[in-house]
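One structure below.
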Amino acid sequence: MYNPLPDKVPFWLDPKKRAIMYQIAFLGMVGLLAYYLVSNTLINLQKQSIATGFGFLHKESSFEIGESLIPYSAAHSYGRALVVGALNTLKVAFIGIIFTIILGTIIGIARLSSNWLVSKLAAIYIEVMQGIPVLLQLFFWYAIFYETLPSPRQAVSPIEGLFLSNRGIAFTVPEAHPAHKYVLLAFFVGCGVVYLLRRWAKKRQGKTGRFFPVFRVSIGLIIGLPLITWYLAGAPTKMDLPRLVGFNFQGGMTVSPEFMALLLGLTMYTAAFVAEVVRAGIQSVSKGQKEAALSIGLRPPLVLNLVILPQALRVIIPPLTSQMLNLTKNSSLAVAIGYPDFVSVANTTINQTGQSIEGVALIMAVYLIFSLSTSAFMNWYNKKVALVER
Amino acid sequence: MEAYVQETAVEELKPPVTSVGVIGWVKSNLFNGVCNSILTIVMLFFLWKIVPPLFQWAFIDSVWNTTGAVCRDASGACWSIIAKNMRFIIFGFFPNELQWRPSLAMLFLFGLLFFSRDRKYWSKYLGYAWIVGLFVMGLLMKGGLFGLTPVEYTKWGGLPLTLLLAVFGLTAAYPLGVILALGRQSKMPAVKLLCVLYIELIRGVPLISLLFMGSFIFPLFLPEGITPNTLWRALVAIILFTAAYIAEVVRGGLQGMSCGQYEAAESIGLNYYLTMRLVILPQALKIVIPPTVSILISAFKDTSLVMIIALFDLLKTTQTRLSDPEWMGFSREAYIFIAILYFMGCFSMANYSRKLERELSTGD
């Protein structure tokens, strides 16, 4: 009988064994490189007498941070300073993402408008914003806030209780009152009830076909519950007005120009990309879908809710998430305009302690956590909305 | 009875004036429906509120070539900051009498880019021309050969530095990215794992953290006595960063290849290297040309980040001038000027990418 293969294949011609050899060689090379770099680093660290390790996190930081969500002073540790930085990053990313989605959706829809003027203006916006580095935009907005606006003494006040100055924007907020806590609680309770209600209504409609006006009831619950709580707690209406004391404002709420510049720059830049994502998503749903939905007698709001949006969102969500991640990553540019985000605080820490490896590792770790948790959420969501093919 | 026969042609009626020409266009594009009409009027109102004052500021009340003191009295834009500081903004600290060299290098680059635009010139020779061109550009910047005075890296700055970081960064990142993409698609688990780890790690962190790594840690990695200058550190960071993004783009192209291509290559007895070089990569890389141009665009924009680690790129030279007491406070004008420079670069690349996409999509 003819046998095309010799009885014993030499091991260097056997694809399986060869693959193992290649991998061993590859790993060996990577290992050697790593060994070379690490040994060099250790020698250099020893020569510069830098102690490795994260012990420095417990030392006193002795630098101030301009804005902080948790109590912080120079007497606190580096660890706490870094937490403050991380919270500041989350703050700007969170607010930025909300504004970006709103602005991006509006511009994306405007781009598809049948109105020539609106569509062209949206196109110009997208093109211009995508063509200018975000760092430059941040500097530009910061310069606008810092150079154009007057000092707090000559602050511009377009409406009562709102002051624009180069120290930031000061505006009126309701004075602290115990009722606010309960109002917030009522709001969350309202959201929870709405969630349960929606599930119940969907189940009932599936079983009996009877429709329940979820939307109207939800609006009532989310707005009404906090309102009733507020009223029952004595309806506190006292406002906290910002007043000029010395060279700056006190009272009310002040948003720093750095934060405003960062938020504005990131939002306007990322919104241009989100607009493209939204446009592509809407265009991906074919016209026939809408016509088919109308022809089986669905009303226009239901067509949007049940037919168009679920299909468009499937296309929109993945690139949208990556844009949100980009926004979070770009918020690290805050270091250039002096907003104390995580990178900025870590940079100060590195400069003060000389713990560069730990500092950079921390920066990378924090952003990796953001990215990985987002991708984990994305994978879960994708699985949930993916087309189930049978 | 006489049959009625029309003997002359009926005169052709023109469509009503309101549905053709300017009026028709305006009617169908700006005022079709109540909502759109309101929208148009609101938009026109805003434009009328914004554009004339902006025009007045930028062109009518502006001053173009004066000292900073005159600028402070002018009510319009102070473009003098650009006119008076043009040399510094474009070339940074590059010695004045040698500035023809970076100019010539940029001219070379633009020439090469211009020739590469047309697909009919794409050949091996263009590749060689690029290699020679890159070498000549580097030589023109650095000097030290053929009687050119050497210029320290620290003196490089402005637009040449920005372009150099983008072009050299991308040229070096491209092969690395292709290798990473092949590694990610590899059947060997160890290779695949390491490539996936690298790509996901780099894509998960901001460029600034890599630049910090370049400026703080990179010197520690190397044996004592070798301290690469800031330019190299930044370039390495940009290359490592861009390579991960290119790898993902190329992976898209590789996944777009049908199994048949691999099987056909295997059946005619090509090994892995030849399969990739002759069959898969030429097709895969062709598909991903447009997204690669987008990566080039973002790499070009991202070079502005090197100013954070104190390299004098276009943005930093401008800011240096803005901290001069004479020109303090004219940031808007200066930033608008470099924004226009960046925009021209990005817009032409984006346009080119769209054109290419159209051409390539009709090809097959």
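Order determines the names: the first chain of the structure tokens is A, the second B, and so forth; residues in each chain are numbered 1 upward, and ligands are numbered 1 upward as they are shown.
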Could you list, as a ChimeraX atom specification, every residue of chain B that has an atom within 6 Å of an atom of chain A, counting only C-alpha atoms? /B:29-30,204-206,216,220-223,301,339,342-343,346
Tell me, as a ChimeraX atom specification, which residues lie within 10 Å of Ser73 of chain A, counting only C-alpha atoms; anything in the same chain fewer than 5 positions away does not count. /A:60-66,68,80-81
File dump, residues just selected, N, CA and C atoms, as a short mmCIF file (atom, residue, chain, number, x, y, z; two decimals), in the first residue's frame:
```cif
data_model
loop_
_atom_site.label_atom_id
_atom_site.label_comp_id
_atom_site.auth_asym_id
_atom_site.auth_seq_id
_atom_site.Cartn_x
_atom_site.Cartn_y
_atom_site.Cartn_z
N GLU A 60 2.84 61.82 53.99
CA GLU A 60 2.10 63.08 53.86
C GLU A 60 2.39 63.70 52.50
N SER A 61 1.35 64.15 51.82
CA SER A 61 1.55 64.62 50.45
C SER A 61 2.12 66.03 50.41
N SER A 62 1.70 66.88 51.35
CA SER A 62 2.15 68.27 51.43
C SER A 62 1.96 69.06 50.14
N PHE A 63 0.94 68.73 49.36
CA PHE A 63 0.53 69.67 48.31
C PHE A 63 -0.99 69.78 48.32
N GLU A 64 -1.45 70.98 47.95
CA GLU A 64 -2.88 71.23 47.95
C GLU A 64 -3.48 70.81 46.61
N ILE A 65 -4.76 70.49 46.62
CA ILE A 65 -5.47 70.19 45.38
C ILE A 65 -6.62 71.18 45.27
N GLY A 66 -6.72 71.80 44.11
CA GLY A 66 -7.68 72.90 43.92
C GLY A 66 -9.12 72.52 44.19
N SER A 68 -11.92 69.20 45.13
CA SER A 68 -11.96 67.83 45.63
C SER A 68 -13.39 67.49 46.02
N ARG A 80 -4.50 59.33 49.53
CA ARG A 80 -5.76 60.07 49.50
C ARG A 80 -5.75 61.09 48.36
N ALA A 81 -4.61 61.72 48.13
CA ALA A 81 -4.50 62.67 47.02
C ALA A 81 -4.85 61.98 45.70
#
```
Distance query Tyr182 of chain A at most 12 Å, only C-alpha atoms, self and fewer than 2 positions along chain excluded, as number ranges by chain: A: 177-180, 184-190, 225-235
Here is a test: counting only C-alpha atoms, which residue of A:Leu13, A:Val84, A:Leu32, A:Ala293 is nearest to Pro71 of chain A? A:Val84
Counting only C-alpha atoms, what is within 9 Å of Gly251 of chain A, bar same-chain residues fewer than 6 positions away, as a PyMOL selection string? chain A and resi 170-173+240-244
What is the distance, in Å and to one decimal place, between atom CA of Thr208 of chain A and atom CA of Gln311 of chain A? 26.4 Å
Shell around Phe88 of chain B at 10 Å using only C-alpha atoms, local window under 5 positions removed, as a PDB file with N, CA and C atoms, in the first residue's frame:
```pdb
ATOM      1  N   ILE B  82       0.947  86.430  15.110  1.00  0.00           N
ATOM      2  CA  ILE B  82       1.381  85.400  14.166  1.00  0.00           C
ATOM      3  C   ILE B  82       2.471  85.961  13.271  1.00  0.00           C
ATOM      4  N   PHE B  93      13.398  76.663  18.180  1.00  0.00           N
ATOM      5  CA  PHE B  93      14.741  77.170  18.448  1.00  0.00           C
ATOM      6  C   PHE B  93      15.741  76.796  17.368  1.00  0.00           C
ATOM      7  N   PHE B  94      15.261  76.282  16.243  1.00  0.00           N
ATOM      8  CA  PHE B  94      16.193  75.907  15.171  1.00  0.00           C
ATOM      9  C   PHE B  94      16.966  77.148  14.740  1.00  0.00           C
ATOM     10  N   ASN B  96      18.497  80.281  13.198  1.00  0.00           N
ATOM     11  CA  ASN B  96      17.888  81.101  12.155  1.00  0.00           C
ATOM     12  C   ASN B  96      18.477  80.866  10.776  1.00  0.00           C
ATOM     13  N   GLY B 157      12.075  72.025  16.657  1.00  0.00           N
ATOM     14  CA  GLY B 157      10.785  72.445  17.207  1.00  0.00           C
ATOM     15  C   GLY B 157       9.808  72.853  16.138  1.00  0.00           C
ATOM     16  N   GLY B 158       8.618  73.185  16.580  1.00  0.00           N
ATOM     17  CA  GLY B 158       7.599  73.711  15.688  1.00  0.00           C
ATOM     18  C   GLY B 158       7.007  72.688  14.740  1.00  0.00           C
ATOM     19  N   LEU B 159       6.612  73.174  13.583  1.00  0.00           N
ATOM     20  CA  LEU B 159       5.930  72.324  12.610  1.00  0.00           C
ATOM     21  C   LEU B 159       6.779  71.149  12.141  1.00  0.00           C
ATOM     22  N   LEU B 314       4.589  72.300  17.659  1.00  0.00           N
ATOM     23  CA  LEU B 314       3.884  73.491  17.194  1.00  0.00           C
ATOM     24  C   LEU B 314       3.116  74.186  18.322  1.00  0.00           C
ATOM     25  N   THR B 317       5.639  75.841  20.944  1.00  0.00           N
ATOM     26  CA  THR B 317       6.300  77.066  20.494  1.00  0.00           C
ATOM     27  C   THR B 317       5.317  78.232  20.570  1.00  0.00           C
ATOM     28  N   THR B 318       4.060  77.963  20.190  1.00  0.00           N
ATOM     29  CA  THR B 318       3.046  79.014  20.258  1.00  0.00           C
ATOM     30  C   THR B 318       2.849  79.473  21.698  1.00  0.00           C
ATOM     31  N   THR B 320       4.943  79.279  24.107  1.00  0.00           N
ATOM     32  CA  THR B 320       6.123  79.995  24.583  1.00  0.00           C
ATOM     33  C   THR B 320       6.002  81.470  24.232  1.00  0.00           C
ATOM     34  N   ARG B 321       5.549  81.743  23.003  1.00  0.00           N
ATOM     35  CA  ARG B 321       5.380  83.133  22.591  1.00  0.00           C
ATOM     36  C   ARG B 321       4.285  83.809  23.411  1.00  0.00           C
TER      37      ARG B 321
END
```
So that I can check the secondary structure, give me every residue of segment 122-342 of chain A assigned strand (DSSP E or B) by backbone DSSP, as a VMD selection string. chain A and resid 156 162 to 165 168 to 171 173 to 174 239 to 240 243 to 245 248 to 250 253 to 255
Please indicate the distance in Å from atom CA of Tyr128 of chain B to atom CA of Glu359 of chain B, rounded to one decimal place. 24.6 Å
Using only C-alpha atoms, which residues sit within 8 Å of Ser294 of chain B once same-chain residues fewer than 5 positions away are excluded, as a PyMOL selection string? chain B and resi 349-350+353
Those residues you just picked out, can you put them in a file as a PDB file, in the first residue's frame with C-alpha atoms?
```
ATOM      1  CA  MET B 349      -6.187  63.561   4.893  1.00  0.00           C
ATOM      2  CA  ALA B 350      -9.837  62.865   5.735  1.00  0.00           C
ATOM      3  CA  SER B 353      -9.393  58.839   2.789  1.00  0.00           C
TER       4      SER B 353
END
```
Quick one: of B:Leu39, B:Val132, B:Ile268, B:Val5, who's nearest to Ser119 of chain A, counting only C-alpha atoms?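 The shortest atom-to-atom distance to Ser119 of chain A comes from B:Leu39.
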May I have all residues of segment 123-165 of chain B that DSSP, computed from the backbone, assigns to helix (DSSP H, G or I), given as a PyMOL selection string? chain B and resi 124-142+153-155+158-165
When you draw a straight line from atom CA of Ala271 of chain A to atom CA of Ile97 of chain A, how long is it in Å? 9.2 Å
Give the answer as one residue: which of B:Phe347, B:Lys355, B:Gly133, B:Val26 has the shortest atom-to-atom distance to Ile124 of chain A, using only C-alpha atoms? B:Phe347
